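What follows is a short report on a single structure.
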Amino acid sequence: DAIVFNALISACESGKAWHKALEIFNIMEGSKAAQDTITYSAAISACRSGGHWECAIQLLASMTGQGVARDAIVFNALISACESGKAWHKALEIFNVMEGSKVAQDTITYSAAISACRSGGHWECAIQLLASMIGQGVARDAIVFNALISACESGKAWHKALEIFNVMEGSKVNPNENAYNAAVSAGGRSSSWQHTLSSFAGERGGRSESAGIPLGGVISSCRSD
């Protein structure tokens, strides 16, 4: 039945066997077992693990054609599949489709969309998504801030990366090692070692002595000047 097929597809997705997951999906399609939201979600997630965003988009089209309900998990998996395949423009298209539907966008949605912007180095889009996130009252977490800082760093907008880092510090979200890595990298690329050293010193003198801050990266950013 559907429960068995869904479990099989999910198992293939967990094992990163996306082609097998789609084989089982097609077998299910030819059987009398109805494909539901969970089926499509698992199949799209399998495409995500392989970076096959085109397959994920086709599954969405099939889902729409079959009249199967789409939820946040499905849309989030789709956006992540596009991000994994470095198709940032498609990720934002799906984000906009979701925005026009009755499915609420959550922290995971924004995180995936911002990560897609990061892969393309489109930091301006990432900043716009942050503004939308704030306007919608969606909770921001460390993953979101890390993706934002990395997007700015990838787009060589080091000053924006450090601004986001400071916003993160001023919020209730504590910067973690990934945030410091991205901020240090941004500081190093811009030869802005003073900013990097200042941020590093603030952390060492503040919340955590054991946060695993990348000292080597800080030293490298100072050398770059």
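Identifiers in the structure tokens: chain A, B, ... in order shown; residue index from 1 per chain; ligand index from 1 in order shown.
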
Taking 5 positions as the minimum chain separation for residues in the same chain, which residues sit within 7 Å of region 70-79 of chain A when counting only C-alpha atoms? Answer as a list in words.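 Residues meeting the cut-off are Thr37, Ser41, Ile44, Ser45, Arg48, Ala56, Ala91, Ile94, Phe95, Met98, Val103, Ala104, Gln105, Ile108, Thr109, Ala112 and Ala113 of chain A.
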
Could you write out that same residue set with N, CA, C and O atoms as a tab-separated table (two decimals), in the first residue's frame?
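And here's out15.tsv as it stands now:
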chain	number	residue	atom	x	y	z
A	37	THR	N	0.84	13.31	-0.70
A	37	THR	CA	1.81	14.37	-0.40
A	37	THR	C	3.12	13.81	0.12
A	37	THR	O	4.21	14.27	-0.25
A	41	SER	N	6.78	14.23	-1.53
A	41	SER	CA	7.79	14.86	-0.69
A	41	SER	C	9.06	14.02	-0.61
A	41	SER	O	10.17	14.53	-0.73
A	44	ILE	N	10.83	14.04	-4.09
A	44	ILE	CA	11.50	15.33	-4.32
A	44	ILE	C	12.75	15.45	-3.45
A	44	ILE	O	13.78	15.95	-3.89
A	45	SER	N	12.66	14.97	-2.21
A	45	SER	CA	13.82	14.99	-1.32
A	45	SER	C	14.94	14.12	-1.88
A	45	SER	O	16.13	14.44	-1.72
A	48	ARG	N	16.68	16.08	-4.39
A	48	ARG	CA	17.51	17.08	-3.70
A	48	ARG	C	18.87	16.49	-3.34
A	48	ARG	O	19.90	17.13	-3.56
A	56	ALA	N	12.89	17.24	-9.77
A	56	ALA	CA	12.05	17.76	-8.69
A	56	ALA	C	10.95	18.66	-9.26
A	56	ALA	O	9.79	18.60	-8.83
A	91	ALA	N	15.04	28.19	-7.68
A	91	ALA	CA	14.72	28.17	-6.25
A	91	ALA	C	13.84	29.36	-5.89
A	91	ALA	O	12.85	29.23	-5.16
A	94	ILE	N	10.27	28.95	-7.27
A	94	ILE	CA	9.47	28.08	-6.39
A	94	ILE	C	9.07	28.84	-5.13
A	94	ILE	O	7.94	28.72	-4.64
A	95	PHE	N	10.00	29.63	-4.60
A	95	PHE	CA	9.71	30.45	-3.42
A	95	PHE	C	8.51	31.37	-3.71
A	95	PHE	O	7.61	31.51	-2.88
A	98	MET	N	5.27	29.44	-3.94
A	98	MET	CA	4.82	29.13	-2.58
A	98	MET	C	4.18	30.35	-1.94
A	98	MET	O	3.16	30.25	-1.25
A	103	VAL	N	0.25	28.08	1.32
A	103	VAL	CA	1.20	27.38	2.18
A	103	VAL	C	2.13	28.40	2.84
A	103	VAL	O	2.80	29.18	2.15
A	104	ALA	N	2.17	28.40	4.15
A	104	ALA	CA	2.99	29.37	4.89
A	104	ALA	C	4.47	29.08	4.74
A	104	ALA	O	4.92	27.94	4.85
A	105	GLN	N	5.23	30.12	4.47
A	105	GLN	CA	6.69	30.01	4.40
A	105	GLN	C	7.27	30.07	5.81
A	105	GLN	O	6.88	30.94	6.60
A	108	ILE	N	12.69	27.27	7.53
A	108	ILE	CA	13.37	26.35	6.61
A	108	ILE	C	13.25	26.84	5.17
A	108	ILE	O	14.19	26.75	4.39
A	109	THR	N	12.07	27.36	4.82
A	109	THR	CA	11.85	27.90	3.47
A	109	THR	C	12.85	29.01	3.17
A	109	THR	O	13.53	29.00	2.13
A	112	ALA	N	16.51	27.82	2.95
A	112	ALA	CA	16.82	27.15	1.68
A	112	ALA	C	16.95	28.16	0.55
A	112	ALA	O	17.87	28.07	-0.29
A	113	ALA	N	16.06	29.15	0.52
A	113	ALA	CA	16.11	30.17	-0.53
A	113	ALA	C	17.37	31.03	-0.41
A	113	ALA	O	18.01	31.35	-1.42

Shell of 9 Å around His122 (chain A), only C-alpha atoms, local chain residues under 6 positions omitted, as a PyMOL selection string: chain A and resi 88+116+151-152+154-155

Would you save the residues of that selection, restricted to all heavy atoms, as an mmCIF file, in the first residue's frame?
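What ended up in again_29.cif:
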data_model
loop_
_atom_site.group_PDB
_atom_site.id
_atom_site.type_symbol
_atom_site.label_atom_id
_atom_site.label_comp_id
_atom_site.auth_asym_id
_atom_site.auth_seq_id
_atom_site.Cartn_x
_atom_site.Cartn_y
_atom_site.Cartn_z
ATOM 1 N N TRP A 88 19.734 28.696 -8.644
ATOM 2 C CA TRP A 88 19.211 29.671 -7.687
ATOM 3 C C TRP A 88 17.957 30.381 -8.217
ATOM 4 O O TRP A 88 17.041 30.679 -7.457
ATOM 5 C CB TRP A 88 20.286 30.693 -7.329
ATOM 6 C CG TRP A 88 20.667 31.590 -8.458
ATOM 7 C CD1 TRP A 88 21.631 31.357 -9.388
ATOM 8 C CD2 TRP A 88 20.089 32.862 -8.776
ATOM 9 N NE1 TRP A 88 21.693 32.399 -10.279
ATOM 10 C CE2 TRP A 88 20.757 33.333 -9.922
ATOM 11 C CE3 TRP A 88 19.083 33.641 -8.212
ATOM 12 C CZ2 TRP A 88 20.446 34.560 -10.521
ATOM 13 C CZ3 TRP A 88 18.763 34.859 -8.809
ATOM 14 C CH2 TRP A 88 19.440 35.305 -9.941
ATOM 15 N N ALA A 116 20.296 29.179 -1.627
ATOM 16 C CA ALA A 116 20.327 29.174 -3.090
ATOM 17 C C ALA A 116 20.987 30.450 -3.607
ATOM 18 O O ALA A 116 21.784 30.410 -4.553
ATOM 19 C CB ALA A 116 18.912 29.040 -3.654
ATOM 20 N N ALA A 151 26.417 34.147 1.761
ATOM 21 C CA ALA A 151 25.965 34.722 0.492
ATOM 22 C C ALA A 151 26.696 36.037 0.224
ATOM 23 O O ALA A 151 27.140 36.296 -0.898
ATOM 24 C CB ALA A 151 24.455 34.951 0.520
ATOM 25 N N CYS A 152 26.820 36.859 1.262
ATOM 26 C CA CYS A 152 27.538 38.128 1.114
ATOM 27 C C CYS A 152 29.022 37.891 0.844
ATOM 28 O O CYS A 152 29.641 38.570 0.018
ATOM 29 C CB CYS A 152 27.361 38.976 2.369
ATOM 30 S SG CYS A 152 25.660 39.532 2.641
ATOM 31 N N SER A 154 30.325 35.202 -0.586
ATOM 32 C CA SER A 154 30.457 34.658 -1.943
ATOM 33 C C SER A 154 30.345 35.754 -2.991
ATOM 34 O O SER A 154 30.984 35.688 -4.046
ATOM 35 C CB SER A 154 29.376 33.599 -2.198
ATOM 36 O OG SER A 154 29.538 32.487 -1.361
ATOM 37 N N GLY A 155 29.499 36.758 -2.690
ATOM 38 C CA GLY A 155 29.328 37.870 -3.614
ATOM 39 C C GLY A 155 30.330 38.988 -3.406
ATOM 40 O O GLY A 155 30.204 40.056 -4.006
#

Nearest candidate to Met133 (chain A) (options A:Glu153, A:Ala7, A:Trp158, A:Thr107; using only C-alpha atoms):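 Between A:Glu153, A:Ala7, A:Trp158, A:Thr107, the residue approaching Met133 (chain A) most closely is A:Thr107.
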
Filtered DSSP result for region 22-97 of chain A, state helix (DSSP H, G or I), as number ranges by chain: A: 22-30, 37-50, 53-65, 72-84, 88-97

Can you list, as a list of chain:residue names, every protein, DNA or RNA residue that comes within 10 Å of region 125-129 of chain A when you count only C-alpha atoms, leaving out same-chain residues fewer than 6 positions away?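 Selected residues are A:Leu92, A:Tyr110, A:Ser111, A:Ala113, A:Ile114, A:Ser115, A:Ala116, A:Cys117, A:Arg118, A:Gly135, A:Val144, A:Ala147, A:Leu148, A:Ile149, A:Ser150, A:Ala151, A:Cys152, A:Lys160, A:Ile164.
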
Selected residues, N, CA and C atoms, written as a compact mmCIF listing (two decimals), in the first residue's frame, please.
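So the final result, stored in selection-v8.txt, reads:
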# COMPACT_ATOMS: atom_id res chain seq x y z
N LEU A 92 14.18 30.54 -6.43
CA LEU A 92 13.40 31.73 -6.14
C LEU A 92 12.04 31.71 -6.83
N TYR A 110 12.91 29.97 4.07
CA TYR A 110 13.81 31.10 3.87
C TYR A 110 15.27 30.67 3.88
N SER A 111 15.60 29.77 4.78
CA SER A 111 16.97 29.27 4.85
C SER A 111 17.40 28.63 3.53
N ALA A 113 16.06 29.15 0.52
CA ALA A 113 16.11 30.17 -0.53
C ALA A 113 17.37 31.03 -0.41
N ILE A 114 17.72 31.40 0.81
CA ILE A 114 18.93 32.20 1.03
C ILE A 114 20.17 31.39 0.66
N SER A 115 20.16 30.10 0.97
CA SER A 115 21.29 29.23 0.60
C SER A 115 21.43 29.15 -0.92
N ALA A 116 20.30 29.18 -1.63
CA ALA A 116 20.33 29.17 -3.09
C ALA A 116 20.99 30.45 -3.61
N CYS A 117 20.67 31.57 -2.97
CA CYS A 117 21.31 32.84 -3.34
C CYS A 117 22.81 32.78 -3.08
N ARG A 118 23.17 32.12 -2.00
CA ARG A 118 24.59 31.97 -1.65
C ARG A 118 25.35 31.22 -2.74
N GLY A 135 9.60 41.06 7.85
CA GLY A 135 8.26 41.60 7.63
C GLY A 135 7.16 40.59 7.89
N VAL A 144 20.00 30.43 9.11
CA VAL A 144 19.63 31.55 8.24
C VAL A 144 20.75 32.59 8.21
N ALA A 147 23.84 31.35 6.33
CA ALA A 147 23.63 31.37 4.88
C ALA A 147 23.73 32.80 4.35
N LEU A 148 23.18 33.75 5.10
CA LEU A 148 23.24 35.17 4.71
C LEU A 148 24.68 35.68 4.66
N ILE A 149 25.43 35.39 5.71
CA ILE A 149 26.83 35.83 5.76
C ILE A 149 27.62 35.20 4.62
N SER A 150 27.38 33.91 4.38
CA SER A 150 28.08 33.21 3.30
C SER A 150 27.70 33.76 1.93
N ALA A 151 26.42 34.15 1.76
CA ALA A 151 25.96 34.72 0.49
C ALA A 151 26.70 36.04 0.22
N CYS A 152 26.82 36.86 1.26
CA CYS A 152 27.54 38.13 1.11
C CYS A 152 29.02 37.89 0.84
N LYS A 160 28.77 43.89 3.93
CA LYS A 160 27.43 43.40 4.24
C LYS A 160 27.51 42.15 5.11
N ILE A 164 25.73 41.80 8.71
CA ILE A 164 24.83 40.71 9.10
C ILE A 164 25.35 40.01 10.35

Might you pull out every residue within 12 Å of Gln35 (chain A), with only C-alpha atoms counted and same-chain residues fewer than 4 positions away left off, and present them as a tab-separated table (two decimals) with all heavy atoms, in the first residue's frame?
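See around_1.tsv below for the written result:
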chain	number	residue	atom	x	y	z
A	1	ASP	N	0.83	-1.20	0.00
A	1	ASP	CA	0.00	0.00	0.00
A	1	ASP	C	0.87	1.26	0.00
A	1	ASP	O	2.09	1.17	-0.10
A	1	ASP	CB	-0.96	-0.01	1.19
A	1	ASP	CG	-0.25	-0.04	2.54
A	1	ASP	OD1	1.00	0.01	2.57
A	1	ASP	OD2	-0.94	-0.14	3.56
A	2	ALA	N	0.24	2.42	0.13
A	2	ALA	CA	0.97	3.69	0.05
A	2	ALA	C	2.03	3.81	1.14
A	2	ALA	O	3.13	4.33	0.89
A	2	ALA	CB	-0.02	4.85	0.14
A	3	ILE	N	1.73	3.32	2.33
A	3	ILE	CA	2.67	3.43	3.45
A	3	ILE	C	3.98	2.69	3.13
A	3	ILE	O	5.08	3.19	3.39
A	3	ILE	CB	2.05	2.88	4.75
A	3	ILE	CG1	0.85	3.75	5.17
A	3	ILE	CG2	3.08	2.83	5.87
A	3	ILE	CD1	0.07	3.21	6.34
A	4	VAL	N	3.85	1.51	2.54
A	4	VAL	CA	5.02	0.71	2.18
A	4	VAL	C	5.85	1.42	1.10
A	4	VAL	O	7.07	1.55	1.22
A	4	VAL	CB	4.60	-0.69	1.68
A	4	VAL	CG1	5.81	-1.44	1.12
A	4	VAL	CG2	3.96	-1.48	2.82
A	5	PHE	N	5.18	1.89	0.05
A	5	PHE	CA	5.88	2.59	-1.03
A	5	PHE	C	6.57	3.85	-0.51
A	5	PHE	O	7.72	4.14	-0.88
A	5	PHE	CB	4.91	2.95	-2.15
A	5	PHE	CG	4.63	1.83	-3.11
A	5	PHE	CD1	3.38	1.21	-3.15
A	5	PHE	CD2	5.61	1.39	-3.99
A	5	PHE	CE1	3.13	0.18	-4.04
A	5	PHE	CE2	5.37	0.37	-4.89
A	5	PHE	CZ	4.13	-0.25	-4.92
A	6	ASN	N	5.89	4.61	0.32
A	6	ASN	CA	6.47	5.84	0.87
A	6	ASN	C	7.71	5.54	1.70
A	6	ASN	O	8.71	6.26	1.63
A	6	ASN	CB	5.43	6.58	1.71
A	6	ASN	CG	4.30	7.14	0.88
A	6	ASN	OD1	4.38	7.21	-0.34
A	6	ASN	ND2	3.22	7.55	1.54
A	9	ILE	N	10.60	4.68	-0.71
A	9	ILE	CA	11.15	5.88	-1.36
A	9	ILE	C	12.00	6.67	-0.37
A	9	ILE	O	13.09	7.14	-0.70
A	9	ILE	CB	10.01	6.75	-1.93
A	9	ILE	CG1	9.29	6.01	-3.07
A	9	ILE	CG2	10.56	8.08	-2.46
A	9	ILE	CD1	8.02	6.68	-3.54
A	24	ILE	N	10.96	3.38	-7.80
A	24	ILE	CA	9.86	2.94	-6.92
A	24	ILE	C	8.65	3.86	-7.09
A	24	ILE	O	7.50	3.40	-7.09
A	24	ILE	CB	10.33	2.89	-5.46
A	24	ILE	CG1	11.37	1.77	-5.30
A	24	ILE	CG2	9.16	2.65	-4.51
A	24	ILE	CD1	12.13	1.80	-4.01
A	25	PHE	N	8.91	5.15	-7.27
A	25	PHE	CA	7.82	6.10	-7.51
A	25	PHE	C	7.04	5.71	-8.76
A	25	PHE	O	5.81	5.73	-8.77
A	25	PHE	CB	8.40	7.52	-7.66
A	25	PHE	CG	7.37	8.58	-7.93
A	25	PHE	CD1	6.76	9.25	-6.89
A	25	PHE	CD2	7.01	8.92	-9.24
A	25	PHE	CE1	5.80	10.24	-7.13
A	25	PHE	CE2	6.06	9.89	-9.49
A	25	PHE	CZ	5.46	10.55	-8.43
A	26	ASN	N	7.76	5.34	-9.82
A	26	ASN	CA	7.12	4.96	-11.07
A	26	ASN	C	6.36	3.64	-10.94
A	26	ASN	O	5.29	3.46	-11.54
A	26	ASN	CB	8.16	4.87	-12.19
A	26	ASN	CG	8.70	6.23	-12.59
A	26	ASN	OD1	8.01	7.24	-12.47
A	26	ASN	ND2	9.95	6.28	-13.03
A	27	ILE	N	6.93	2.71	-10.17
A	27	ILE	CA	6.23	1.44	-9.92
A	27	ILE	C	4.92	1.71	-9.19
A	27	ILE	O	3.87	1.14	-9.51
A	27	ILE	CB	7.12	0.47	-9.10
A	27	ILE	CG1	8.30	-0.01	-9.96
A	27	ILE	CG2	6.31	-0.72	-8.60
A	27	ILE	CD1	9.35	-0.77	-9.17
A	28	MET	N	5.01	2.60	-8.20
A	28	MET	CA	3.82	2.96	-7.43
A	28	MET	C	2.77	3.59	-8.33
A	28	MET	O	1.56	3.35	-8.18
A	28	MET	CB	4.21	3.91	-6.30
A	28	MET	CG	3.08	4.25	-5.35
A	28	MET	SD	3.64	5.37	-4.04
A	28	MET	CE	2.13	5.55	-3.09
A	29	GLU	N	3.24	4.40	-9.27
A	29	GLU	CA	2.34	5.09	-10.19
A	29	GLU	C	1.55	4.09	-11.05
A	29	GLU	O	0.40	4.33	-11.40
A	29	GLU	CB	3.15	6.04	-11.10
A	29	GLU	CG	2.34	7.09	-11.80
A	29	GLU	CD	3.21	8.14	-12.45
A	29	GLU	OE1	4.31	7.80	-12.94
A	29	GLU	OE2	2.82	9.32	-12.48
A	30	GLY	N	2.19	2.95	-11.35
A	30	GLY	CA	1.53	1.93	-12.16
A	30	GLY	C	0.71	0.95	-11.35
A	30	GLY	O	0.05	0.07	-11.92
A	31	SER	N	0.76	1.09	-10.03
A	31	SER	CA	-0.01	0.20	-9.17
A	31	SER	C	-1.33	0.87	-8.77
A	31	SER	O	-1.66	1.95	-9.25
A	31	SER	CB	0.78	-0.15	-7.91
A	31	SER	OG	0.83	0.96	-7.03
A	39	THR	N	4.38	10.86	-0.51
A	39	THR	CA	5.07	10.20	-1.63
A	39	THR	C	5.90	11.21	-2.40
A	39	THR	O	7.09	11.00	-2.67
A	39	THR	CB	4.06	9.55	-2.59
A	39	THR	OG1	3.12	8.78	-1.87
A	39	THR	CG2	4.77	8.69	-3.61
A	40	TYR	N	5.25	12.29	-2.80
A	40	TYR	CA	5.94	13.31	-3.60
A	40	TYR	C	7.04	13.99	-2.80
A	40	TYR	O	8.12	14.28	-3.34
A	40	TYR	CB	4.93	14.35	-4.10
A	40	TYR	CG	4.19	13.90	-5.34
A	40	TYR	CD1	2.94	13.29	-5.26
A	40	TYR	CD2	4.74	14.08	-6.61
A	40	TYR	CE1	2.26	12.89	-6.40
A	40	TYR	CE2	4.07	13.69	-7.76
A	40	TYR	CZ	2.83	13.08	-7.65
A	40	TYR	OH	2.17	12.69	-8.78
A	41	SER	N	6.78	14.23	-1.53
A	41	SER	CA	7.79	14.86	-0.69
A	41	SER	C	9.06	14.02	-0.61
A	41	SER	O	10.17	14.53	-0.73
A	41	SER	CB	7.22	15.09	0.71
A	41	SER	OG	8.19	15.63	1.57
A	42	ALA	N	8.88	12.71	-0.44
A	42	ALA	CA	10.02	11.79	-0.35
A	42	ALA	C	10.78	11.73	-1.68
A	42	ALA	O	12.01	11.73	-1.70
A	42	ALA	CB	9.54	10.40	0.05
A	43	ALA	N	10.03	11.69	-2.79
A	43	ALA	CA	10.66	11.62	-4.11
A	43	ALA	C	11.42	12.90	-4.43
A	43	ALA	O	12.54	12.86	-4.96
A	43	ALA	CB	9.60	11.35	-5.18
A	59	LEU	N	8.29	16.58	-10.86
A	59	LEU	CA	7.44	15.97	-9.84
A	59	LEU	C	6.40	16.97	-9.32
A	59	LEU	O	5.25	16.61	-9.07
A	59	LEU	CB	8.29	15.44	-8.68
A	59	LEU	CG	9.06	14.15	-8.97
A	59	LEU	CD1	10.11	13.89	-7.90
A	59	LEU	CD2	8.11	12.95	-9.07
A	62	SER	N	3.72	17.11	-11.89
A	62	SER	CA	2.87	15.92	-11.79
A	62	SER	C	1.94	16.02	-10.60
A	62	SER	O	0.75	15.68	-10.68
A	62	SER	CB	3.76	14.67	-11.65
A	62	SER	OG	2.99	13.53	-11.36
A	63	MET	N	2.48	16.52	-9.51
A	63	MET	CA	1.71	16.67	-8.28
A	63	MET	C	0.53	17.62	-8.48
A	63	MET	O	-0.60	17.34	-8.06
A	63	MET	CB	2.65	17.22	-7.19
A	63	MET	CG	2.13	17.16	-5.79
A	63	MET	SD	3.42	17.72	-4.65
A	63	MET	CE	2.67	17.24	-3.10
A	66	GLN	N	-2.11	16.01	-10.70
A	66	GLN	CA	-2.87	14.97	-10.01
A	66	GLN	C	-3.76	15.53	-8.90
A	66	GLN	O	-4.54	14.79	-8.30
A	66	GLN	CB	-1.92	13.92	-9.41
A	66	GLN	CG	-1.12	13.12	-10.43
A	66	GLN	CD	-2.01	12.25	-11.31
A	66	GLN	OE1	-2.99	11.67	-10.84
A	66	GLN	NE2	-1.67	12.17	-12.59
A	67	GLY	N	-3.61	16.82	-8.65
A	67	GLY	CA	-4.42	17.44	-7.61
A	67	GLY	C	-4.00	17.05	-6.20
A	67	GLY	O	-4.82	17.08	-5.27
A	68	VAL	N	-2.73	16.67	-6.04
A	68	VAL	CA	-2.22	16.28	-4.72
A	68	VAL	C	-1.84	17.55	-3.94
A	68	VAL	O	-1.20	18.45	-4.49
A	68	VAL	CB	-0.99	15.35	-4.84
A	68	VAL	CG1	-0.46	14.97	-3.46
A	68	VAL	CG2	-1.35	14.10	-5.64
A	69	ALA	N	-2.25	17.61	-2.70
A	69	ALA	CA	-1.99	18.79	-1.87
A	69	ALA	C	-0.50	19.01	-1.68
A	69	ALA	O	0.27	18.06	-1.47
A	69	ALA	CB	-2.66	18.63	-0.51
